[in-house]
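Q: Got a structure here, written out as structure tokens. Questions coming.
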Protein chains: 2
Amino acid sequence: MITVAVDCMGGDVGPAATLPACAAFLASHPQARLLLVGKPEDFAPWPGVLGDARCRVIAASEVVAMDDPVEVALRRKKDSSMRVAIQQVKEGAAQAVVSAGNTGALMAIARYVLKTLDGIDRPAIASQLPNARGGATTVLDLGANVDCTAEHLLQFAVMGSALVVAITGRPEPTVGLLNVGGEIIKGSEIIKKTGVLLRNAANTGDLNFFGNVEGNDIFKGTTDIVVCDGFVGNVALKASEGVATMLAGFIKVEFSRNWLTKLAAICAYPVLSAFKKRADYRRYNGAALLGLRGLVFKSHGSADAFAFEQALCRAYDAAHNNLLDNVRERIAHAAPLIAAGSVSGEFKSISIS
Amino acid sequence: MITVAVDCMGGDVGPAATLPACAAFLASHPQARLLLVGKPEDFAPWPGVLGDARCRVIAASEVVAMDDPVEVALRRKKDSSMRVAIQQVKEGAAQAVVSAGNTGALMAIARYVLKTLDGIDRPAIASQLPNARGGATTVLDLGANVDCTAEHLLQFAVMGSALVVAITGRPEPTVGLLNVGGEIIKGSEIIKKTGVLLRNAANTGDLNFFGNVEGNDIFKGTTDIVVCDGFVGNVALKASEGVATMLAGFIKVEFSRNWLTKLAAICAYPVLSAFKKRADYRRYNGAALLGLRGLVFKSHGSADAFAFEQALCRAYDAAHNNLLDNVRERIAHAAPLIAAGSVSGEFKSISIS
């Protein structure tokens, strides 16, 4: 059995998304248990989930709001559903935790409660984005760290490799360094230094380094993993979502123009549905917070029940495939390469939802 | 009359794209003249353009290759079509120049031949991207500068404003600072400092600062202008192109699946064509190299005749609307805000095509 702790109060929707997601998740995962953390009085409209023998409710009296500053979430709301859920992992009552709450708060509380793994200076947020090959590209960091050193980016590359191995079983996933051109001489000083570190790591067998990739390679599926700092990753992620939303809007407008185009929409309905399903970002919901002494997954704040269910599946798979041990072992192996001493600067966390 | 110098040899396609584009451009612009720069022997297949009284061929014996290092283009190919075309602007024979060649080489040669405007440390590459409002968002820098200071970003904001005023006639275009969240406290130290400078510039009436924007705001059309460093801008641009290409591929696959879906494609053909036209990136081809003492426009390297024609139109409009004077005046007005003294670091140029 694998137990996942769920922050049922997090996100824009709260229990109305998280509890139906839990019900659907349990139905498809007979080996799973859930710890439902939050305000029990808010769970009442979903008696089906509460009555499931594989669920247990854990009361928490506070909720981290989506716009709570990190300090408030961390220092003043010590009985928040987010914190209590993370605590379950710390205490060994759960193997993973999922929350759709405020990313900055989630990262800060997870860091505080669980601590980082040996050899890791900063946790990173990793998510899968769909690619043209029909698979998914794992991108990190997506927003935990706005300023990164080359050593941080190397750590991200190693952790991202562990994630892909654990989730897909592919033995030597390829790593691309996000840059503005393929040549070694391209990019800022930090990026060029990162290139050197990643090439060294490839020589020692710590990762399978492909070389530089560009923004479009994320969606081409050129490499299994794309590494970047949290500022660049966050902008790339949101710009991509922006384009997809704009294009979907254009399609809608063109098919709604008049009765003839509406008729065309009816003819094309099965195809448009298949396309919509394929391009559905919700399928990729569930970002891993890597580098902590426990498995923490972040759902998009605006996730509906279907999207939140995907995040639960991701957390379950990660626990099932021993992601944590995988990351730990790979980081330990790469430790000689990671000059932890060169790390400076305060921890900064930003929202991806 | 406005004269545009054309590097007919640049780009992946060369004269087979540039010369048909010139013909189409002349047909729709009765007040335009063109200087066709390149190897006259390569122009022979397009006698129509060559015979036009508003065209003049200027011979250049060399061509900058798409993969030529900047040093080679700048120091060893002194009679390249690119350089000779830029020279026409320097000498006053043309009011603008268009090239689809190597971005790094174009920027370096343009900088060397034309020099930067007073008050500008580094030129920037600005392009328009389509947005959900049916208009376009001007984004800069898209790749000329991988490392930028806050002062550089302020200069970009002022130049971007001048570009939008000159092209659209809109009096006070809004400027957004690309960041990872809306709040003032978000982002790296440089971005936070840029926020301060942009707010100051808004107070002195130098620009209409909206505040922070995120990646998706580019395509929402939240602001007229989005300012970022060249690394982030380049990644955002290419990631966006990657998503659009992937989604177009998905649509194609779904409509080609079987005879039923192919029938649906026929029914939906007019709608899909309208959508394709609307989402056509080629319509937005033609990036401005801002901050030089002359108007230089960069076409995408892979541009076909239609796309290259758009870049010619953009250069013509910029010259027609006195973009250069507009930039010069705005920069002079904002000069007290721009602490040129704090600028450091070498010039770096990267490719956007």
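As shown in the structure tokens, the chain order sets the letters A, B, ...; within each chain, residues go from 1, and ligands are also counted from 1 in the order they appear.
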Residues of chain A that have any atom at most 6 Å from an atom of chain B: could you tabulate them with the shortest-distance atom pair and the distance in Å to one decimal, using only C-alpha atoms, ordered by chain and increasing number, as a tab-separated table?
A:
residue	atom	partner	partner_atom	distance
A:Ala132	CA	B:Met246	CA	5.2
A:Val146	CA	B:Ser188	CA	5.8
A:Ser188	CA	B:Val146	CA	5.8
A:Gly215	CA	B:Ala239	CA	4.0
A:Asn216	CA	B:Gly242	CA	4.0
A:Phe219	CA	B:Gly242	CA	5.4
A:Val232	CA	B:Val232	CA	5.7
A:Val235	CA	B:Gly215	CA	4.7
A:Ala236	CA	B:Ala236	CA	5.0
A:Lys238	CA	B:Gly215	CA	4.6
A:Ala239	CA	B:Gly215	CA	4.0
A:Ser240	CA	B:Ser240	CA	5.2
A:Gly242	CA	B:Asn216	CA	4.0
A:Val243	CA	B:Phe219	CA	6.0
A:Met246	CA	B:Ala132	CA	5.2
A:Glu254	CA	B:Val271	CA	5.8
A:Ala264	CA	B:Ala268	CA	4.9
A:Cys267	CA	B:Ala264	CA	5.5
A:Ala268	CA	B:Ala264	CA	4.9
A:Val271	CA	B:Glu254	CA	5.8
Q: Taking 5 positions as the minimum chain separation for residues in the same chain, which residues sit within 12 Å of Arg33 (chain B) when counting only C-alpha atoms? Answer as a list in words.
A: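 The neighbour list is Met1, Ile2, Thr3, Val4, Ala5, Val6, Cys22, Ala23, Phe25, Leu26, Ala27, Ser28, Val49, Asp52, Ala53, Arg54, Cys55, Arg56, Val57, Ala93, Ala94, Gln95, Ala96, Val97, Leu312 and Tyr316 of chain B.
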Q: Separation of CA of Cys228 (chain A) and CA of Ala124 (chain B), in Å?
A: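 Computed distance, CA of Cys228 (chain A) to CA of Ala124 (chain B), equals 22.9 Å.
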Q: Give me, as a ChimeraX atom specification, all polymer residues having an atom no more than 12 Å from Val327 (chain A), counting only C-alpha atoms and skipping those fewer than 2 positions away in the same chain.
A: /A:116-120,123,155-167,206,288-295,318-319,321-325,329-335
Q: Please dump the current selection as a tab-separated table (two decimals), in the first residue's frame; keep N, CA and C atoms.
A:
chain	number	residue	atom	x	y	z
A	116	THR	N	16.29	19.70	3.00
A	116	THR	CA	16.77	19.27	1.69
A	116	THR	C	17.67	18.03	1.83
A	117	LEU	N	17.81	17.31	0.75
A	117	LEU	CA	18.69	16.14	0.72
A	117	LEU	C	20.16	16.57	0.82
A	118	ASP	N	21.00	15.69	1.32
A	118	ASP	CA	22.43	15.99	1.33
A	118	ASP	C	22.89	16.26	-0.10
A	119	GLY	N	23.66	17.32	-0.27
A	119	GLY	CA	24.19	17.63	-1.60
A	119	GLY	C	23.30	18.54	-2.41
A	120	ILE	N	22.13	18.85	-1.87
A	120	ILE	CA	21.22	19.74	-2.59
A	120	ILE	C	21.14	21.09	-1.88
A	123	PRO	N	15.92	23.10	-3.64
A	123	PRO	CA	14.98	22.24	-4.36
A	123	PRO	C	14.54	22.93	-5.65
A	155	GLN	N	22.78	20.28	-10.29
A	155	GLN	CA	21.94	19.52	-9.35
A	155	GLN	C	20.56	19.25	-9.96
A	156	PHE	N	20.02	20.26	-10.63
A	156	PHE	CA	18.71	20.09	-11.27
A	156	PHE	C	18.78	18.98	-12.33
A	157	ALA	N	19.87	18.98	-13.09
A	157	ALA	CA	20.02	17.99	-14.16
A	157	ALA	C	20.04	16.57	-13.58
A	158	VAL	N	20.76	16.43	-12.47
A	158	VAL	CA	20.86	15.10	-11.85
A	158	VAL	C	19.50	14.68	-11.27
A	159	MET	N	18.83	15.60	-10.60
A	159	MET	CA	17.52	15.28	-10.01
A	159	MET	C	16.48	15.01	-11.10
A	160	GLY	N	16.54	15.79	-12.18
A	160	GLY	CA	15.61	15.58	-13.28
A	160	GLY	C	15.81	14.20	-13.90
A	161	SER	N	17.07	13.78	-14.00
A	161	SER	CA	17.36	12.45	-14.55
A	161	SER	C	16.74	11.37	-13.65
A	162	ALA	N	16.91	11.54	-12.33
A	162	ALA	CA	16.35	10.57	-11.39
A	162	ALA	C	14.83	10.52	-11.54
A	163	LEU	N	14.20	11.67	-11.72
A	163	LEU	CA	12.74	11.72	-11.86
A	163	LEU	C	12.29	10.95	-13.09
A	164	VAL	N	12.95	11.19	-14.20
A	164	VAL	CA	12.54	10.53	-15.45
A	164	VAL	C	12.78	9.03	-15.38
A	165	VAL	N	13.91	8.63	-14.78
A	165	VAL	CA	14.17	7.20	-14.62
A	165	VAL	C	13.08	6.56	-13.77
A	166	ALA	N	12.75	7.22	-12.67
A	166	ALA	CA	11.76	6.66	-11.74
A	166	ALA	C	10.37	6.58	-12.39
A	167	ILE	N	10.01	7.61	-13.13
A	167	ILE	CA	8.65	7.67	-13.66
A	167	ILE	C	8.51	6.82	-14.93
A	206	ASP	N	27.40	10.43	-14.75
A	206	ASP	CA	26.33	10.90	-13.87
A	206	ASP	C	25.08	11.31	-14.62
A	288	ALA	N	6.78	18.05	-9.55
A	288	ALA	CA	7.52	17.50	-8.41
A	288	ALA	C	8.41	18.57	-7.80
A	289	LEU	N	8.41	18.66	-6.48
A	289	LEU	CA	9.38	19.51	-5.78
A	289	LEU	C	10.55	18.59	-5.45
A	290	LEU	N	11.61	18.69	-6.21
A	290	LEU	CA	12.73	17.76	-6.08
A	290	LEU	C	13.83	18.31	-5.18
A	291	GLY	N	14.46	17.41	-4.44
A	291	GLY	CA	15.60	17.81	-3.62
A	291	GLY	C	15.27	17.84	-2.14
A	292	LEU	N	14.03	17.46	-1.79
A	292	LEU	CA	13.61	17.43	-0.39
A	292	LEU	C	13.70	16.00	0.15
A	293	ARG	N	13.69	15.88	1.47
A	293	ARG	CA	13.71	14.54	2.10
A	293	ARG	C	12.28	14.01	2.21
A	294	GLY	N	11.60	14.02	1.11
A	294	GLY	CA	10.22	13.55	1.08
A	294	GLY	C	9.63	13.95	-0.26
A	295	LEU	N	8.59	13.24	-0.69
A	295	LEU	CA	8.00	13.52	-2.00
A	295	LEU	C	6.87	14.52	-1.88
A	318	ALA	N	5.44	8.20	-8.23
A	318	ALA	CA	6.77	8.56	-7.73
A	318	ALA	C	7.10	7.74	-6.49
A	319	ALA	N	6.12	7.62	-5.58
A	319	ALA	CA	6.35	6.84	-4.36
A	319	ALA	C	6.53	5.37	-4.72
A	321	ASN	N	7.66	4.09	-7.40
A	321	ASN	CA	8.92	3.85	-8.11
A	321	ASN	C	10.15	4.33	-7.33
A	322	ASN	N	9.95	4.59	-6.04
A	322	ASN	CA	11.10	4.98	-5.20
A	322	ASN	C	11.88	6.16	-5.72
A	323	LEU	N	11.15	7.20	-6.13
A	323	LEU	CA	11.83	8.39	-6.64
A	323	LEU	C	12.83	8.95	-5.65
A	324	LEU	N	12.43	8.95	-4.37
A	324	LEU	CA	13.28	9.59	-3.36
A	324	LEU	C	14.65	8.91	-3.28
A	325	ASP	N	14.66	7.58	-3.24
A	325	ASP	CA	15.94	6.85	-3.18
A	325	ASP	C	16.74	7.09	-4.45
A	329	GLU	N	20.43	8.60	-4.40
A	329	GLU	CA	21.59	7.85	-4.91
A	329	GLU	C	22.31	8.62	-6.02
A	330	ARG	N	21.53	9.19	-6.92
A	330	ARG	CA	22.17	9.91	-8.02
A	330	ARG	C	22.92	11.16	-7.54
A	331	ILE	N	22.32	11.84	-6.57
A	331	ILE	CA	22.99	13.03	-6.04
A	331	ILE	C	24.27	12.63	-5.30
A	332	ALA	N	24.20	11.53	-4.56
A	332	ALA	CA	25.39	11.07	-3.84
A	332	ALA	C	26.50	10.71	-4.83
A	333	HIS	N	26.13	10.06	-5.93
A	333	HIS	CA	27.11	9.67	-6.93
A	333	HIS	C	27.76	10.89	-7.57
A	334	ALA	N	26.93	11.94	-7.77
A	334	ALA	CA	27.44	13.14	-8.45
A	334	ALA	C	28.09	14.12	-7.49
A	335	ALA	N	28.05	13.80	-6.18
A	335	ALA	CA	28.50	14.75	-5.16
A	335	ALA	C	29.88	15.35	-5.43
Q: Could you work out how far CA of Ser299 (chain A) lies from CA of Leu207 (chain A), giving the answer in Å with one decimal?
A: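 Separation between CA of Leu207 (chain A) and CA of Ser299 (chain A): 27.7 Å.
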Q: Taking the DSSP assignment computed from this structure's backbone, write out as a VMD selection string all residues of region 153-238 of chain A that belong to strand (DSSP E).
A: chain A and resid 174 to 178 208 to 213 225 to 227
Q: For the residues in that selection, give me all heavy atoms as a short mmCIF file (atom, residue, chain, number, x, y, z; two decimals), in the first residue's frame.
A:
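As a result, again22.cif now contains:
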data_model
loop_
_atom_site.label_atom_id
_atom_site.label_comp_id
_atom_site.auth_asym_id
_atom_site.auth_seq_id
_atom_site.Cartn_x
_atom_site.Cartn_y
_atom_site.Cartn_z
N THR A 174 18.07 11.68 -21.69
CA THR A 174 18.95 12.74 -22.19
C THR A 174 18.61 14.08 -21.54
O THR A 174 17.44 14.38 -21.28
CB THR A 174 18.82 12.89 -23.72
OG1 THR A 174 17.43 12.99 -24.05
CG2 THR A 174 19.41 11.70 -24.43
N VAL A 175 19.66 14.86 -21.29
CA VAL A 175 19.51 16.17 -20.66
C VAL A 175 19.93 17.26 -21.64
O VAL A 175 21.01 17.20 -22.22
CB VAL A 175 20.40 16.28 -19.39
CG1 VAL A 175 20.34 17.68 -18.80
CG2 VAL A 175 19.98 15.24 -18.36
N GLY A 176 19.09 18.26 -21.81
CA GLY A 176 19.43 19.44 -22.63
C GLY A 176 19.55 20.66 -21.74
O GLY A 176 18.80 20.79 -20.77
N LEU A 177 20.50 21.53 -22.06
CA LEU A 177 20.66 22.78 -21.32
C LEU A 177 19.98 23.89 -22.12
O LEU A 177 20.36 24.16 -23.26
CB LEU A 177 22.15 23.09 -21.14
CG LEU A 177 22.51 24.44 -20.49
CD1 LEU A 177 21.95 24.54 -19.08
CD2 LEU A 177 24.02 24.64 -20.49
N LEU A 178 18.95 24.50 -21.54
CA LEU A 178 18.20 25.53 -22.27
C LEU A 178 19.09 26.74 -22.51
O LEU A 178 19.67 27.31 -21.59
CB LEU A 178 16.95 25.93 -21.47
CG LEU A 178 15.92 26.78 -22.22
CD1 LEU A 178 15.43 26.08 -23.48
CD2 LEU A 178 14.73 27.10 -21.31
N ASN A 208 23.35 11.82 -18.95
CA ASN A 208 23.45 11.67 -20.38
C ASN A 208 23.21 13.04 -21.02
O ASN A 208 22.07 13.38 -21.34
CB ASN A 208 22.42 10.63 -20.84
CG ASN A 208 22.51 10.32 -22.31
OD1 ASN A 208 23.40 10.80 -23.00
ND2 ASN A 208 21.59 9.50 -22.79
N PHE A 209 24.29 13.82 -21.15
CA PHE A 209 24.15 15.21 -21.60
C PHE A 209 24.11 15.30 -23.12
O PHE A 209 25.02 14.85 -23.80
CB PHE A 209 25.30 16.05 -21.04
CG PHE A 209 25.20 17.52 -21.37
CD1 PHE A 209 24.00 18.21 -21.21
CD2 PHE A 209 26.31 18.22 -21.83
CE1 PHE A 209 23.91 19.57 -21.51
CE2 PHE A 209 26.23 19.57 -22.13
CZ PHE A 209 25.03 20.24 -21.98
N PHE A 210 23.05 15.90 -23.62
CA PHE A 210 22.85 16.05 -25.07
C PHE A 210 23.56 17.28 -25.60
O PHE A 210 24.11 17.28 -26.69
CB PHE A 210 21.34 16.15 -25.35
CG PHE A 210 20.97 16.53 -26.74
CD1 PHE A 210 20.82 15.57 -27.74
CD2 PHE A 210 20.77 17.87 -27.08
CE1 PHE A 210 20.47 15.93 -29.03
CE2 PHE A 210 20.43 18.24 -28.38
CZ PHE A 210 20.28 17.27 -29.35
N GLY A 211 23.53 18.36 -24.81
CA GLY A 211 24.09 19.64 -25.25
C GLY A 211 23.06 20.73 -25.07
O GLY A 211 22.05 20.55 -24.38
N ASN A 212 23.31 21.87 -25.70
CA ASN A 212 22.36 22.98 -25.62
C ASN A 212 21.08 22.67 -26.39
O ASN A 212 21.13 22.03 -27.44
CB ASN A 212 22.97 24.25 -26.24
CG ASN A 212 24.08 24.84 -25.39
OD1 ASN A 212 24.18 24.55 -24.20
ND2 ASN A 212 24.90 25.68 -25.99
N VAL A 213 19.98 23.13 -25.86
CA VAL A 213 18.72 23.09 -26.61
C VAL A 213 18.11 24.49 -26.56
O VAL A 213 18.52 25.33 -25.75
CB VAL A 213 17.72 22.05 -26.04
CG1 VAL A 213 18.24 20.64 -26.22
CG2 VAL A 213 17.41 22.34 -24.57
N ILE A 225 14.90 15.67 -20.80
CA ILE A 225 14.92 16.66 -19.71
C ILE A 225 15.49 17.97 -20.25
O ILE A 225 16.44 17.96 -21.04
CB ILE A 225 15.84 16.15 -18.56
CG1 ILE A 225 15.26 14.86 -17.98
CG2 ILE A 225 16.00 17.20 -17.46
CD1 ILE A 225 16.31 13.87 -17.56
N VAL A 226 14.91 19.08 -19.83
CA VAL A 226 15.45 20.39 -20.16
C VAL A 226 15.70 21.13 -18.86
O VAL A 226 14.81 21.25 -18.01
CB VAL A 226 14.49 21.20 -21.07
CG1 VAL A 226 14.97 22.64 -21.22
CG2 VAL A 226 14.37 20.54 -22.44
N VAL A 227 16.94 21.61 -18.70
CA VAL A 227 17.34 22.28 -17.46
C VAL A 227 17.48 23.78 -17.69
O VAL A 227 18.06 24.21 -18.68
CB VAL A 227 18.68 21.69 -16.96
CG1 VAL A 227 19.24 22.50 -15.81
CG2 VAL A 227 18.49 20.25 -16.54
#
Q: For CA of Ala100 (chain B) and CA of Lys298 (chain B), quote the distance in Å rounded to one decimal.
A: 5.7 Å
Q: Which residues are near region 11-18 of chain A? Cut-off 7 Å, only C-alpha atoms, ignore same chain within fewer than 2 positions. Put them as a ChimeraX atom specification.
A: /A:8-9,20-22,43,66,100-101,301-302,304-305,308
Q: Taking N, CA and C atoms for each residue, export the selection above as a short mmCIF file (atom, residue, chain, number, x, y, z; two decimals), in the first residue's frame.
A:
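Listing of result-v4.cif after writing:
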data_model
loop_
_atom_site.label_atom_id
_atom_site.label_comp_id
_atom_site.auth_asym_id
_atom_site.auth_seq_id
_atom_site.Cartn_x
_atom_site.Cartn_y
_atom_site.Cartn_z
N CYS A 8 -6.37 19.08 1.13
CA CYS A 8 -7.68 19.19 0.45
C CYS A 8 -8.17 20.62 0.33
N MET A 9 -7.55 21.55 1.07
CA MET A 9 -8.04 22.93 1.08
C MET A 9 -7.34 23.81 0.05
N PRO A 20 -13.55 15.18 -5.11
CA PRO A 20 -13.92 14.33 -6.25
C PRO A 20 -12.68 13.70 -6.91
N ALA A 21 -11.58 14.43 -6.94
CA ALA A 21 -10.34 13.87 -7.50
C ALA A 21 -9.88 12.67 -6.68
N CYS A 22 -9.98 12.79 -5.36
CA CYS A 22 -9.58 11.69 -4.48
C CYS A 22 -10.44 10.45 -4.74
N PHE A 43 -15.76 19.10 4.27
CA PHE A 43 -15.72 17.86 3.47
C PHE A 43 -17.10 17.21 3.35
N MET A 66 -4.08 31.66 -1.29
CA MET A 66 -3.25 31.70 -2.49
C MET A 66 -2.35 32.93 -2.51
N ALA A 100 -2.49 21.87 -4.01
CA ALA A 100 -2.70 22.82 -5.10
C ALA A 100 -2.54 24.25 -4.58
N GLY A 101 -2.01 24.36 -3.38
CA GLY A 101 -1.88 25.69 -2.77
C GLY A 101 -0.71 26.49 -3.32
N GLY A 301 -2.80 25.67 -9.29
CA GLY A 301 -3.78 26.26 -8.37
C GLY A 301 -5.20 26.23 -8.91
N SER A 302 -5.32 26.32 -10.23
CA SER A 302 -6.66 26.37 -10.81
C SER A 302 -7.17 24.99 -11.22
N ASP A 304 -8.96 21.59 -11.78
CA ASP A 304 -10.27 21.01 -11.50
C ASP A 304 -10.05 19.56 -11.01
N ALA A 305 -11.14 18.82 -10.82
CA ALA A 305 -11.01 17.47 -10.26
C ALA A 305 -10.13 16.57 -11.15
N PHE A 308 -6.47 17.62 -10.78
CA PHE A 308 -5.92 17.28 -9.47
C PHE A 308 -5.68 15.77 -9.35
#
Q: For the alpha helix (DSSP H) assignment from backbone DSSP, which residues of region 152-228 of chain A qualify? Please present them as a ChimeraX atom specification.
A: /A:152-168,189-203,215-220
Q: Using only C-alpha atoms, which of the listed residues (A:Arg76, A:Glu172, A:Ala287, A:Lys90) sits closest to Gly205 (chain A)?
A: A:Glu172
